Structure formats: C-alpha cells, structure tokens
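Structure file entry09.txt; described as compact mmCIF, C-alpha atoms and all ligand atoms.
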```txt
# COMPACT_ATOMS: atom_id res chain seq x y z
CA MET M 1 -54.68 107.92 -83.00
CA ALA M 2 -53.12 111.35 -82.98
CA THR M 3 -49.36 111.28 -83.50
CA ALA M 4 -48.94 113.87 -80.76
CA GLU M 5 -49.97 111.27 -78.19
CA LYS M 6 -47.30 110.17 -75.75
CA VAL M 7 -46.56 106.79 -74.22
CA MET M 8 -45.39 106.57 -70.62
CA ALA M 9 -42.70 104.04 -69.84
CA ALA M 10 -40.55 103.06 -66.87
CA VAL M 11 -36.97 103.15 -68.12
CA ARG M 12 -33.93 101.58 -66.51
CA THR M 13 -31.34 104.33 -66.83
CA ALA M 14 -28.57 102.92 -64.58
CA PRO M 15 -28.10 99.95 -62.22
CA SER M 16 -31.14 99.73 -59.89
CA THR M 17 -32.47 103.04 -61.21
CA THR M 18 -35.77 103.70 -62.94
CA GLU M 19 -37.11 106.87 -64.49
CA ILE M 20 -40.54 107.49 -65.96
CA ARG M 21 -40.10 108.81 -69.50
CA GLU M 22 -42.42 109.66 -72.38
CA TYR M 23 -42.03 108.40 -75.92
CA PRO M 24 -43.94 109.39 -79.04
CA MET M 25 -46.81 107.13 -80.05
CA PRO M 26 -45.31 105.11 -82.92
CA GLU M 27 -46.59 105.21 -86.49
CA ILE M 28 -48.13 101.84 -87.27
CA ALA M 29 -47.27 100.69 -90.80
CA ALA M 30 -49.32 98.09 -92.69
CA ASP M 31 -47.11 95.25 -91.44
CA SER M 32 -46.88 96.23 -87.77
CA ALA M 33 -49.12 96.61 -84.74
CA LEU M 34 -49.40 98.29 -81.37
CA LEU M 35 -50.01 96.44 -78.13
CA ARG M 36 -51.85 98.07 -75.25
CA MET M 37 -50.12 96.52 -72.26
CA GLU M 38 -52.17 94.78 -69.57
CA VAL M 39 -49.63 92.76 -67.61
CA ALA M 40 -45.87 92.43 -67.68
CA GLY M 41 -44.71 89.54 -65.53
CA ILE M 42 -41.56 90.14 -63.48
CA CYS M 43 -39.13 87.28 -62.99
CA GLY M 44 -35.76 86.50 -61.45
CA THR M 45 -34.04 87.54 -64.66
CA ASP M 46 -35.43 91.07 -64.18
CA VAL M 47 -33.88 91.14 -60.72
CA LYS M 48 -30.48 90.33 -62.26
CA LEU M 49 -30.86 92.67 -65.23
CA TYR M 50 -31.92 95.53 -62.96
CA LYS M 51 -29.04 95.15 -60.53
CA THR M 52 -26.37 94.49 -63.16
CA PRO M 53 -27.58 95.79 -66.53
CA PRO M 54 -25.86 94.17 -69.51
CA THR M 55 -25.83 97.57 -71.26
CA SER M 56 -25.55 101.21 -70.25
CA SER M 57 -28.27 102.24 -72.72
CA PRO M 58 -31.69 103.16 -71.34
CA VAL M 59 -33.95 100.12 -71.47
CA ILE M 60 -37.68 99.64 -70.95
CA MET M 61 -37.60 96.32 -69.15
CA GLY M 62 -40.49 93.82 -69.16
CA HIS M 63 -40.14 90.67 -71.26
CA GLU M 64 -43.21 88.63 -70.24
CA ASN M 65 -45.90 90.65 -71.94
CA ILE M 66 -49.67 90.34 -72.19
CA GLY M 67 -51.95 92.92 -73.77
CA TYR M 68 -54.64 93.76 -76.29
CA ILE M 69 -53.83 94.63 -79.89
CA ALA M 70 -54.81 98.31 -79.98
CA LYS M 71 -53.96 98.96 -83.59
CA ALA M 72 -52.89 96.62 -86.37
CA GLY M 73 -51.89 97.21 -89.97
CA SER M 74 -53.76 95.33 -92.70
CA GLU M 75 -50.72 93.23 -93.67
CA PHE M 76 -50.00 92.38 -90.05
CA MET M 77 -53.54 91.05 -89.61
CA ARG M 78 -53.57 89.20 -92.92
CA ARG M 79 -50.21 87.50 -92.43
CA LYS M 80 -50.46 86.70 -88.76
CA GLY M 81 -54.14 85.95 -88.21
CA PHE M 82 -54.68 88.47 -85.41
CA LYS M 83 -56.96 91.49 -85.25
CA GLU M 84 -57.48 94.58 -83.15
CA GLY M 85 -58.94 93.74 -79.75
CA ASP M 86 -57.27 90.32 -79.48
CA LEU M 87 -55.68 89.48 -76.12
CA ILE M 88 -52.21 88.15 -76.83
CA PHE M 89 -48.99 86.93 -75.28
CA VAL M 90 -45.81 88.24 -76.91
CA GLU M 91 -42.68 86.11 -76.72
CA HIS M 92 -39.68 88.27 -75.87
CA TYR M 93 -37.75 86.85 -78.81
CA VAL M 94 -38.12 88.93 -81.96
CA SER M 95 -37.38 86.45 -84.72
CA CYS M 96 -35.74 86.77 -88.13
CA GLY M 97 -38.43 84.47 -89.53
CA LYS M 98 -35.98 82.95 -91.99
CA CYS M 99 -33.47 80.74 -90.17
CA GLU M 100 -33.78 77.09 -89.28
CA TRP M 101 -34.47 77.87 -85.61
CA CYS M 102 -37.34 80.15 -86.53
CA HIS M 103 -38.86 77.49 -88.79
CA LEU M 104 -38.68 75.08 -85.86
CA GLY M 105 -40.50 77.48 -83.54
CA GLN M 106 -37.29 77.78 -81.52
CA TYR M 107 -37.11 81.56 -81.72
CA ARG M 108 -35.02 81.59 -78.53
CA HIS M 109 -32.05 80.33 -80.56
CA CYS M 110 -32.45 82.76 -83.48
CA GLU M 111 -29.49 85.09 -84.01
CA ASN M 112 -31.91 87.99 -84.47
CA THR M 113 -32.75 87.87 -80.75
CA ASP M 114 -29.31 86.94 -79.37
CA TRP M 115 -28.55 90.06 -77.36
CA ARG M 116 -25.32 88.60 -76.02
CA LYS M 117 -23.67 88.20 -79.42
CA ASN M 118 -25.56 90.42 -81.84
CA PRO M 119 -25.58 94.19 -81.18
CA ASP M 120 -28.59 94.64 -83.51
CA ALA M 121 -30.63 91.89 -81.84
CA ILE M 122 -34.11 92.78 -80.70
CA ARG M 123 -35.54 91.24 -77.57
CA TYR M 124 -38.36 92.73 -75.53
CA GLY M 125 -37.12 93.96 -72.19
CA TYR M 126 -33.49 93.98 -73.32
CA THR M 127 -33.26 96.23 -76.40
CA SER M 128 -32.25 99.88 -75.99
CA ALA M 129 -35.09 102.38 -75.85
CA GLU M 130 -32.92 104.59 -78.06
CA LYS M 131 -33.68 102.30 -80.98
CA ALA M 132 -36.75 103.61 -82.83
CA PRO M 133 -39.67 103.25 -82.32
CA HIS M 134 -38.46 102.87 -78.71
CA LEU M 135 -41.27 100.72 -77.26
CA TRP M 136 -39.33 97.46 -76.78
CA GLY M 137 -40.38 96.61 -73.24
CA GLY M 138 -43.48 95.78 -71.25
CA PHE M 139 -43.01 98.29 -68.45
CA ALA M 140 -44.84 100.83 -70.61
CA GLN M 141 -48.37 101.65 -71.64
CA TYR M 142 -47.80 100.40 -75.18
CA VAL M 143 -45.40 98.02 -76.90
CA TYR M 144 -44.50 98.09 -80.59
CA LEU M 145 -45.02 94.88 -82.59
CA PRO M 146 -43.07 94.56 -85.84
CA TRP M 147 -44.02 91.93 -88.45
CA ASN M 148 -41.61 89.43 -86.91
CA ALA M 149 -42.90 89.64 -83.31
CA VAL M 150 -43.87 86.15 -82.11
CA ILE M 151 -47.37 86.28 -80.67
CA HIS M 152 -49.94 83.85 -79.28
CA HIS M 153 -53.67 84.12 -78.70
CA VAL M 154 -54.60 84.01 -75.01
CA PRO M 155 -57.46 81.50 -74.75
CA LYS M 156 -60.93 82.57 -73.60
CA GLY M 157 -61.44 82.40 -69.85
CA VAL M 158 -57.81 83.31 -69.10
CA THR M 159 -57.50 86.76 -67.53
CA PRO M 160 -54.51 88.96 -68.40
CA GLU M 161 -53.19 88.48 -64.87
CA LEU M 162 -53.36 84.69 -65.11
CA ALA M 163 -51.86 84.88 -68.60
CA GLY M 164 -48.96 86.73 -66.95
CA LEU M 165 -47.82 83.29 -65.76
CA VAL M 166 -47.39 81.97 -69.28
CA THR M 167 -43.61 82.49 -69.38
CA PRO M 168 -42.74 80.50 -66.24
CA MET M 169 -45.32 77.89 -67.30
CA ALA M 170 -43.84 77.67 -70.80
CA ASN M 171 -40.41 77.24 -69.21
CA GLY M 172 -42.01 74.50 -67.12
CA VAL M 173 -43.13 72.69 -70.25
CA GLU M 174 -39.80 73.18 -71.99
CA TRP M 175 -37.53 72.20 -69.11
CA SER M 176 -39.44 69.41 -67.39
CA LEU M 177 -41.34 67.82 -70.30
CA PHE M 178 -39.22 68.46 -73.38
CA ASP M 179 -35.76 68.60 -71.80
CA GLY M 180 -36.29 66.50 -68.66
CA GLY M 181 -38.61 63.93 -70.25
CA VAL M 182 -41.06 63.87 -67.34
CA GLY M 183 -43.85 61.37 -67.86
CA TYR M 184 -45.84 58.63 -66.23
CA ASN M 185 -44.47 57.71 -62.80
CA SER M 186 -41.46 60.05 -63.01
CA THR M 187 -39.80 61.14 -59.80
CA VAL M 188 -38.64 64.73 -59.71
CA LEU M 189 -36.63 67.03 -57.48
CA ILE M 190 -37.40 70.71 -58.03
CA GLN M 191 -34.95 73.02 -56.31
CA GLY M 192 -36.36 76.46 -55.49
CA PRO M 193 -40.06 77.22 -54.83
CA GLY M 194 -40.27 80.58 -56.65
CA GLN M 195 -42.65 81.19 -59.55
CA GLN M 196 -40.40 79.07 -61.78
CA GLY M 197 -40.18 76.11 -59.41
CA LEU M 198 -43.93 76.28 -58.76
CA SER M 199 -44.68 76.31 -62.48
CA GLN M 200 -42.45 73.26 -62.92
CA THR M 201 -44.44 71.58 -60.13
CA VAL M 202 -47.69 72.08 -62.02
CA ILE M 203 -46.29 70.85 -65.33
CA CYS M 204 -44.64 67.79 -63.72
CA LYS M 205 -47.91 66.93 -61.99
CA GLN M 206 -49.89 67.32 -65.22
CA GLY M 207 -47.20 65.36 -67.06
CA GLY M 208 -47.66 62.31 -64.84
CA ALA M 209 -44.93 62.51 -62.18
CA SER M 210 -45.69 60.27 -59.22
CA LEU M 211 -43.29 61.99 -56.87
CA ILE M 212 -42.47 65.68 -56.70
CA ILE M 213 -40.08 66.98 -54.07
CA VAL M 214 -39.56 70.74 -53.77
CA THR M 215 -36.70 72.27 -51.81
CA GLY M 216 -36.41 75.77 -50.42
CA THR M 217 -34.96 77.77 -47.56
CA SER M 218 -36.46 78.96 -44.28
CA LYS M 219 -37.76 82.20 -45.83
CA ASP M 220 -39.85 80.16 -48.31
CA GLY M 221 -42.51 78.99 -45.85
CA ALA M 222 -45.45 80.54 -47.72
CA ARG M 223 -44.13 79.35 -51.09
CA MET M 224 -43.78 75.81 -49.77
CA GLN M 225 -47.47 75.80 -48.82
CA VAL M 226 -48.32 76.89 -52.36
CA ALA M 227 -46.04 74.16 -53.73
CA LYS M 228 -48.08 71.60 -51.80
CA ALA M 229 -51.36 73.08 -53.02
CA LEU M 230 -50.06 72.75 -56.59
CA GLY M 231 -49.11 69.09 -56.26
CA ALA M 232 -45.75 68.76 -54.50
CA ASP M 233 -45.67 65.55 -52.46
CA HIS M 234 -42.85 66.67 -50.18
CA VAL M 235 -41.26 70.01 -49.37
CA ILE M 236 -37.84 70.25 -47.73
CA ASP M 237 -36.31 73.23 -45.96
CA VAL M 238 -32.62 72.76 -46.77
CA GLN M 239 -31.63 74.95 -43.82
CA LYS M 240 -33.44 72.74 -41.34
CA THR M 241 -32.82 69.25 -42.70
CA ASP M 242 -30.14 67.53 -44.73
CA PRO M 243 -31.88 67.51 -48.11
CA LEU M 244 -29.96 64.52 -49.52
CA GLU M 245 -30.75 62.35 -46.53
CA CYS M 246 -34.38 63.39 -46.77
CA ILE M 247 -34.63 62.68 -50.51
CA MET M 248 -33.03 59.26 -50.08
CA GLU M 249 -35.43 58.43 -47.29
CA ILE M 250 -38.44 59.47 -49.38
CA THR M 251 -37.25 57.49 -52.41
CA GLY M 252 -36.20 54.41 -50.43
CA GLY M 253 -32.55 55.06 -51.28
CA LYS M 254 -33.15 55.17 -55.03
CA GLY M 255 -32.89 58.89 -55.80
CA VAL M 256 -34.93 60.68 -58.44
CA ASP M 257 -35.20 60.49 -62.23
CA LEU M 258 -34.97 64.22 -62.82
CA VAL M 259 -33.57 67.28 -61.08
CA LEU M 260 -34.65 70.80 -62.05
CA ASP M 261 -32.62 73.73 -60.76
CA CYS M 262 -34.88 76.72 -60.20
CA THR M 263 -32.79 78.37 -57.49
CA ALA M 264 -31.44 81.90 -57.61
CA GLY M 265 -28.05 82.87 -56.27
CA ALA M 266 -27.43 79.52 -54.58
CA GLY M 267 -24.07 79.00 -56.31
CA THR M 268 -22.80 75.48 -56.88
CA LEU M 269 -24.87 73.84 -54.12
CA PRO M 270 -27.96 72.92 -56.22
CA ILE M 271 -25.77 71.21 -58.82
CA LEU M 272 -23.88 69.24 -56.19
CA LEU M 273 -27.10 68.18 -54.47
CA GLY M 274 -28.66 67.32 -57.84
CA VAL M 275 -25.81 65.01 -58.81
CA ASP M 276 -26.12 63.13 -55.53
CA ALA M 277 -29.92 63.07 -55.49
CA LEU M 278 -30.25 61.55 -58.97
CA LYS M 279 -30.89 57.81 -59.33
CA ARG M 280 -28.00 55.37 -59.57
CA LYS M 281 -27.74 55.54 -63.39
CA ALA M 282 -28.96 57.68 -66.28
CA GLY M 283 -30.75 60.47 -64.49
CA THR M 284 -31.22 63.91 -66.02
CA MET M 285 -30.47 67.31 -64.61
CA VAL M 286 -31.71 70.56 -66.12
CA VAL M 287 -29.55 73.47 -64.98
CA GLN M 288 -29.62 77.22 -65.37
CA GLY M 289 -26.60 78.45 -63.42
CA GLU M 290 -24.39 81.07 -65.05
CA MET M 291 -21.39 80.94 -62.72
CA GLY M 292 -18.16 81.50 -64.58
CA GLU M 293 -16.26 79.18 -62.27
CA PHE M 294 -17.15 75.84 -60.71
CA PRO M 295 -14.30 74.66 -58.46
CA ASN M 296 -14.17 70.87 -58.06
CA PHE M 297 -16.88 70.24 -60.65
CA PRO M 298 -17.92 66.62 -59.97
CA LEU M 299 -17.29 65.36 -63.48
CA ALA M 300 -16.28 61.88 -62.34
CA LYS M 301 -19.58 61.36 -60.51
CA ILE M 302 -21.52 62.69 -63.49
CA THR M 303 -19.74 60.35 -65.87
CA LEU M 304 -19.98 57.30 -63.62
CA LYS M 305 -23.68 57.88 -62.93
CA ALA M 306 -24.28 58.42 -66.68
CA ILE M 307 -26.01 61.70 -65.92
CA THR M 308 -27.36 63.87 -68.73
CA ILE M 309 -27.09 67.59 -68.09
CA LYS M 310 -29.26 69.93 -70.11
CA SER M 311 -29.42 73.69 -70.17
CA ALA M 312 -32.62 75.50 -69.23
CA ARG M 313 -32.95 78.26 -71.83
CA GLY M 314 -36.37 79.80 -72.27
CA HIS M 315 -39.11 78.19 -74.30
CA SER M 316 -40.22 77.14 -77.77
CA TYR M 317 -43.43 78.16 -79.57
CA LYS M 318 -45.00 74.79 -78.74
CA ALA M 319 -44.18 75.16 -75.03
CA CYS M 320 -46.00 78.52 -74.98
CA GLU M 321 -49.09 77.04 -76.60
CA LEU M 322 -49.16 74.15 -74.11
CA ALA M 323 -48.66 76.58 -71.23
CA LEU M 324 -51.61 78.69 -72.38
CA GLU M 325 -53.77 75.57 -72.58
CA GLN M 326 -52.64 74.62 -69.10
CA LEU M 327 -53.74 78.03 -67.82
CA ALA M 328 -57.07 77.71 -69.63
CA SER M 329 -57.75 74.35 -67.97
CA HIS M 330 -57.95 75.97 -64.52
CA ARG M 331 -56.94 72.58 -63.14
CA PHE M 332 -54.54 74.00 -60.58
CA PRO M 333 -55.11 76.89 -58.14
CA LEU M 334 -52.66 79.20 -59.88
CA GLU M 335 -54.23 82.28 -58.34
CA LYS M 336 -52.10 81.31 -55.33
CA VAL M 337 -49.05 82.19 -57.46
CA THR M 338 -50.14 85.58 -58.85
CA THR M 339 -49.77 87.26 -55.49
CA HIS M 340 -49.02 90.93 -56.25
CA THR M 341 -49.70 93.72 -58.74
CA PHE M 342 -47.78 96.98 -59.14
CA GLY M 343 -48.29 100.14 -61.20
CA LEU M 344 -45.82 101.78 -63.57
CA LYS M 345 -44.42 104.18 -60.97
CA ASP M 346 -43.65 101.23 -58.71
CA VAL M 347 -41.41 99.30 -61.09
CA ASP M 348 -38.42 99.73 -58.81
CA LEU M 349 -40.32 98.43 -55.78
CA ALA M 350 -41.82 95.60 -57.84
CA ILE M 351 -38.44 94.32 -59.03
CA ARG M 352 -36.90 94.64 -55.58
CA SER M 353 -39.86 92.76 -54.12
CA VAL M 354 -39.43 89.89 -56.57
CA GLY M 355 -35.78 89.85 -55.45
CA GLY M 356 -36.87 89.54 -51.81
CA HIS M 357 -36.13 93.13 -50.73
CA GLY M 358 -39.38 95.07 -50.75
CA VAL M 359 -42.95 93.94 -50.23
CA PRO M 360 -42.73 90.56 -48.44
CA ASP M 361 -44.02 87.19 -49.70
CA VAL M 362 -44.16 88.04 -53.39
CA ILE M 363 -44.30 84.94 -55.57
CA HIS M 364 -45.34 86.35 -58.93
CA ALA M 365 -45.60 90.09 -59.50
CA SER M 366 -47.67 91.59 -62.32
CA LEU M 367 -46.68 95.03 -63.53
CA MET M 368 -49.88 96.72 -64.72
CA PRO M 369 -48.91 99.92 -66.53
CA TRP M 370 -52.37 101.51 -66.32
CA LYS M 371 -52.80 100.85 -62.62
ZN ZN L 401 -38.60 86.19 -67.35
ZN ZN L 402 -34.38 83.24 -87.08
```
Write the structure described by the file as structure tokens, please.
Ligand SMILES: [Zn+2]
Ligand SMILES: [Zn+2]
Amino acid sequence: MATAEKVMAAVRTAPSTTEIREYPMPEIAADSALLRMEVAGICGTDVKLYKTPPTSSPVIMGHENIGYIAKAGSEFMRRKGFKEGDLIFVEHYVSCGKCEWCHLGQYRHCENTDWRKNPDAIRYGYTSAEKAPHLWGGFAQYVYLPWNAVIHHVPKGVTPELAGLVTPMANGVEWSLFDGGVGYNSTVLIQGPGQQGLSQTVICKQGGASLIIVTGTSKDGARMQVAKALGADHVIDVQKTDPLECIMEITGGKGVDLVLDCTAGAGTLPILLGVDALKRKAGTMVVQGEMGEFPNFPLAKITLKAITIKSARGHSYKACELALEQLASHRFPLEKVTTHTFGLKDVDLAIRSVGGHGVPDVIHASLMPWK
C-alpha cells in the first residue's frame, strides 16, 4: 500500500457539524492492523454525541464497527489469531490488556478507554482525530487497529450489515441476561422500541421470557410492529393508554420481574413507571438515564419493594460473542431492524435520521463508507 494514499473520513468538527476530511494512510507496524470499514452502526449515543460533543476536538465518530482486515502485521496475526481478509467486529473499547477488568473481558470498565476521566483514553468514535494515526472512528474508509484493539470474528453466514446489529444485541445480552437475570418464564417490561429495545426483545425471547411487554409512543407505530414480529407479546402506546393500568391488567395485577429502560430523552418517567410496574417484591430494573437531577426520587418505594437497580453500561466480551452467535442463528427476522443505509457524505443526515429528524421510520442505520 503506497504511503501517499489517503483515507476519507467524516469528521465532527463542531456540534451537529460534519466535514469530509482526508488523512494519510497509516503505517502498519508488526503489532497493528488496518480495518477496511464495511458498516458502522449508528445508535442513540451518536445522536447525543453529535448534538452535544463532549470535546471540541475533531472526532471521527462511529463506534459500532464491522469490516475486513485489509492489512495486518505479523505480530498482530500471531498474537491475536486473525489474518488479512477476516470479517471482524471491533469493540469500541481500546483496552490496556493488563488490568483486572481487561482480564475479565470487561474492557468497558478499563481505565484505558474511560474517556470521561482519562484524557489519554482511546475509544473508537470518541477519541480526537488529532491523535496519530488519526483513524479512531468508523465513519471513515479505514480504521486503525493497535495491538490492544478488542476484536471478534464475525461468524460465517452473517453479512456485514447484519453484523452491524452486534452492539445493540450485545447490550441486550449484557443488560437483560447478565444484569437483569432473564430466564425461563421471566416477565419483562421493555421501555422504548428503538434498535436497543428491539434487541432486548430478541434476547429476552431467546432467554426464555414468557411475557414481553414493549412500550413506545404514537410515533413508534412501525417499530411496534417489528417488536411483535421479534417476539413481543404486548405493545403499549403510552400516549394512548395508561401503561401501568395496562401492564397490571396483562399480568393479573402482579407486575413484572424485570424492567429495561431503553428510552431516549423521556426524563424521569420511565423510572417512575418501572418502579410501579415491577412485581410486589424483589424485582430488577436496568436503567441508563444520565439526568443530573431526579426530583422526588421514589427511594421509599424502591426500598419497600426491595427493588434492585442496575446500570446499563455497554457490554462484555462474552456478551459480544453471544450476540454474534444469536445473529448467526437467523432465528429472528432481524432484517426488519436494519432498515436504512447511508454513505459517508450523508453522515449528518444519517445521525439526524436516527434521532428522528431526517429520513422517517429509521430503526437501525448502517453507515457504509464506500457507498
Ligand atoms: Zn452505540
Ligand atoms: Zn485494562
């Protein structure tokens, strides 16, 4: 590969602003590799990061990355067991490889990837494009893979576009199975029918839940149909019906074992509904809200109902592997979720569409840099 070659990337340069820029093709040392991007999944986090960037540095966004290894150093291949031509999924966490969390496969908790606390942290889709060799995000033709990138083989029979769902599916495994303890005969309330809520639906169904209720708003009509196709037993439009009344009717007054919050921008409402919708004692709620304030937090109810609250924070190595196997099983019609593809020049439109302000009815958007 000639060093004069350039790599095109969509760079976030300011809030809600994207510019196409060129970067030099990186030198690939013996312990690193180069990924030719196929699909970068776009999620609700991208919508937030685009509107209110956590940094003023230019950033190549894209943290849910699938591609082929275009070039790999000999040490990279020997140590990691991958070769040129392999289709892979790259976790956005770039690990230190030494700490306890890394040894547990919990790269999400490694300090090396903690962009909030550690200014030198590397995380795909978050790290400044000013940091050499610049290619730290999936909205680009190529992505740089250092020795400590965490990568997974995409199983045979899984297309890059389908593999683009691995992140929400891995979150589904982590939050509903590992954190929520879903199993045989579990009853679950999933709030929010976006790609994350739909992925949770699939994992809960596969995990053995006997009752899955999905809530959404009036604009979610199409998503609710997909939720049903993926295994939801009931869907509730919270703007048309009182969701708590509905849930209690469905469960014969018992409430549910587990509540998963997959809403975006709904404030304190999903938490308040979750607390009331949980069973009489010892239910679990997995939450992902980041509000700084919660007036009248219902601590007394939570204590008296013996509710366990857990935080939904990304995924472990194991969750990714299980998600990839789930995709490879083709058991659920997940092509109903991968609704839209966009090219590199349409990153702005793609992110806005995922946020509900562009192309209508987007569930999951795949950014395909060569399109
Ligand atoms: Zn994401
Ligand atoms: Zn570590």
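Based on only C-alpha atoms and all ligand atoms, the protein and nucleic acid residues found within 12 Å of ligand ZN 402 (chain L) are, by chain and then by number, Tyr93, Val94, Ser95, Cys96, Gly97, Lys98, Cys99, Glu100, Trp101, Cys102, His103, Leu104, Gly105, Gln106, Tyr107, Arg108, His109, Cys110, Glu111, Asn112, Thr113, Asp114, Ala121, Ile122, Asn148, Ala149 and Val150 of chain M.
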Which residues of chain M come within 10 Å of ligand ZN 401 (chain L), and for each one, what is the closest pair of atoms and their distance in Å to one decimal, counting all atoms listed in the file, sorted by chain and residue number, as a Markdown table?
```
| residue | atom | partner | partner_atom | distance |
| --- | --- | --- | --- | --- |
| M:Ala40 | CA | L:ZN401 | ZN | 9.6 |
| M:Gly41 | CA | L:ZN401 | ZN | 7.2 |
| M:Ile42 | CA | L:ZN401 | ZN | 6.3 |
| M:Cys43 | CA | L:ZN401 | ZN | 4.5 |
| M:Gly44 | CA | L:ZN401 | ZN | 6.6 |
| M:Thr45 | CA | L:ZN401 | ZN | 5.5 |
| M:Asp46 | CA | L:ZN401 | ZN | 6.6 |
| M:Val47 | CA | L:ZN401 | ZN | 9.5 |
| M:Gly62 | CA | L:ZN401 | ZN | 8.1 |
| M:His63 | CA | L:ZN401 | ZN | 6.1 |
| M:Glu64 | CA | L:ZN401 | ZN | 6.0 |
| M:Asn65 | CA | L:ZN401 | ZN | 9.7 |
| M:His92 | CA | L:ZN401 | ZN | 8.8 |
| M:Gly125 | CA | L:ZN401 | ZN | 9.3 |
| M:Leu165 | CA | L:ZN401 | ZN | 9.8 |
| M:Val166 | CA | L:ZN401 | ZN | 9.9 |
| M:Thr167 | CA | L:ZN401 | ZN | 6.6 |
| M:Pro168 | CA | L:ZN401 | ZN | 7.1 |
| M:Asn171 | CA | L:ZN401 | ZN | 9.3 |
| M:Gln196 | CA | L:ZN401 | ZN | 9.2 |
| M:Gly314 | CA | L:ZN401 | ZN | 8.4 |
```
Dump C-alpha atoms for the selected residues as a PDB file, in the frame of the given file?
```pdb
ATOM      1  CA  ALA M  40     -45.870  92.430 -67.680  1.00  0.00           C
ATOM      2  CA  GLY M  41     -44.710  89.540 -65.530  1.00  0.00           C
ATOM      3  CA  ILE M  42     -41.560  90.140 -63.480  1.00  0.00           C
ATOM      4  CA  CYS M  43     -39.130  87.280 -62.990  1.00  0.00           C
ATOM      5  CA  GLY M  44     -35.760  86.500 -61.450  1.00  0.00           C
ATOM      6  CA  THR M  45     -34.040  87.540 -64.660  1.00  0.00           C
ATOM      7  CA  ASP M  46     -35.430  91.070 -64.180  1.00  0.00           C
ATOM      8  CA  VAL M  47     -33.880  91.140 -60.720  1.00  0.00           C
ATOM      9  CA  GLY M  62     -40.490  93.820 -69.160  1.00  0.00           C
ATOM     10  CA  HIS M  63     -40.140  90.670 -71.260  1.00  0.00           C
ATOM     11  CA  GLU M  64     -43.210  88.630 -70.240  1.00  0.00           C
ATOM     12  CA  ASN M  65     -45.900  90.650 -71.940  1.00  0.00           C
ATOM     13  CA  HIS M  92     -39.680  88.270 -75.870  1.00  0.00           C
ATOM     14  CA  GLY M 125     -37.120  93.960 -72.190  1.00  0.00           C
ATOM     15  CA  LEU M 165     -47.820  83.290 -65.760  1.00  0.00           C
ATOM     16  CA  VAL M 166     -47.390  81.970 -69.280  1.00  0.00           C
ATOM     17  CA  THR M 167     -43.610  82.490 -69.380  1.00  0.00           C
ATOM     18  CA  PRO M 168     -42.740  80.500 -66.240  1.00  0.00           C
ATOM     19  CA  ASN M 171     -40.410  77.240 -69.210  1.00  0.00           C
ATOM     20  CA  GLN M 196     -40.400  79.070 -61.780  1.00  0.00           C
ATOM     21  CA  GLY M 314     -36.370  79.800 -72.270  1.00  0.00           C
TER      22      GLY M 314
END
```
Can you tell me which residues surround M:Gly172 at a distance of at most 7 Å, considering only C-alpha atoms, apart from same-chain residues fewer than 6 positions away, and format the answer as a PyMOL selection string? chain M and resi 199-200+203
What is the atom CA of M:Ala170 to atom CA of M:Leu327 distance in Å?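 That distance, rounded to one decimal, is 10.3 Å.
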Given all atoms listed in the file as the counted atoms, nearest of M:Gln195, M:Gln326, M:Asn185, M:Gln225 to M:Val256: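 Closest to M:Val256, using all atoms listed in the file: M:Asn185.
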Quick one: of M:Phe89, M:Tyr142, M:Tyr126, M:Trp115, who's nearest to M:Leu34, counting only C-alpha atoms?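 Smallest separation from M:Leu34 among the options: M:Tyr142.
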Just how far from atom CA of M:Asp346 is atom CA of M:Val359, in Å to one decimal?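 Going from atom CA of M:Val359 over to atom CA of M:Asp346 covers 11.2 Å.
Of the residues under consideration (M:Cys320, M:Ile212, M:Leu349, M:Ala72), M:Leu349 shows the shortest atom-to-atom contact distance to M:Leu367 when counting only C-alpha atoms.
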With distances taken over all atoms listed in the file, which residue among M:Met8, M:Val182, M:Met61, M:Ala29 lies nearest M:Ile351?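 Going through M:Met8, M:Val182, M:Met61, M:Ala29 one by one, the smallest distance to M:Ile351 is for M:Met61.
Distances to M:Gln141 were evaluated for M:Ile66, M:Ala365, M:Leu269, M:Ala300 using all atoms listed in the file, and the minimum falls at M:Ile66.
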Selection as a ChimeraX atom specification: residues within 9 Å of (-35.9, 97.8, -74.3), counting all atoms listed in the file: /M:11-12,57-63,122-131,134-138
Have a look at M:Glu174, M:Asp361, M:Asp86, M:Glu161 and name the one nearest to M:Asp220; count only C-alpha atoms. M:Asp361
Suppose you want the space between atom CA of M:Val286 and atom CA of M:Leu258; what is it in Å? 7.9 Å
Taking 3 positions as the minimum chain separation for residues in the same chain, which residues sit within 10 Å of M:Leu230 when counting all atoms listed in the file? Answer as an NGL selection string. :M and (198-203 or 205 or 224-227 or 233 or 331-334 or 336-337)
Residues from last step as file, C-alpha atoms, as a PDB file, in the frame of the given file:
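To be explicit, this is the file written out as part30.pdb:
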```pdb
ATOM      1  CA  LEU M 198     -43.930  76.280 -58.760  1.00  0.00           C
ATOM      2  CA  SER M 199     -44.680  76.310 -62.480  1.00  0.00           C
ATOM      3  CA  GLN M 200     -42.450  73.260 -62.920  1.00  0.00           C
ATOM      4  CA  THR M 201     -44.440  71.580 -60.130  1.00  0.00           C
ATOM      5  CA  VAL M 202     -47.690  72.080 -62.020  1.00  0.00           C
ATOM      6  CA  ILE M 203     -46.290  70.850 -65.330  1.00  0.00           C
ATOM      7  CA  LYS M 205     -47.910  66.930 -61.990  1.00  0.00           C
ATOM      8  CA  MET M 224     -43.780  75.810 -49.770  1.00  0.00           C
ATOM      9  CA  GLN M 225     -47.470  75.800 -48.820  1.00  0.00           C
ATOM     10  CA  VAL M 226     -48.320  76.890 -52.360  1.00  0.00           C
ATOM     11  CA  ALA M 227     -46.040  74.160 -53.730  1.00  0.00           C
ATOM     12  CA  ASP M 233     -45.670  65.550 -52.460  1.00  0.00           C
ATOM     13  CA  ARG M 331     -56.940  72.580 -63.140  1.00  0.00           C
ATOM     14  CA  PHE M 332     -54.540  74.000 -60.580  1.00  0.00           C
ATOM     15  CA  PRO M 333     -55.110  76.890 -58.140  1.00  0.00           C
ATOM     16  CA  LEU M 334     -52.660  79.200 -59.880  1.00  0.00           C
ATOM     17  CA  LYS M 336     -52.100  81.310 -55.330  1.00  0.00           C
ATOM     18  CA  VAL M 337     -49.050  82.190 -57.460  1.00  0.00           C
TER      19      VAL M 337
END
```
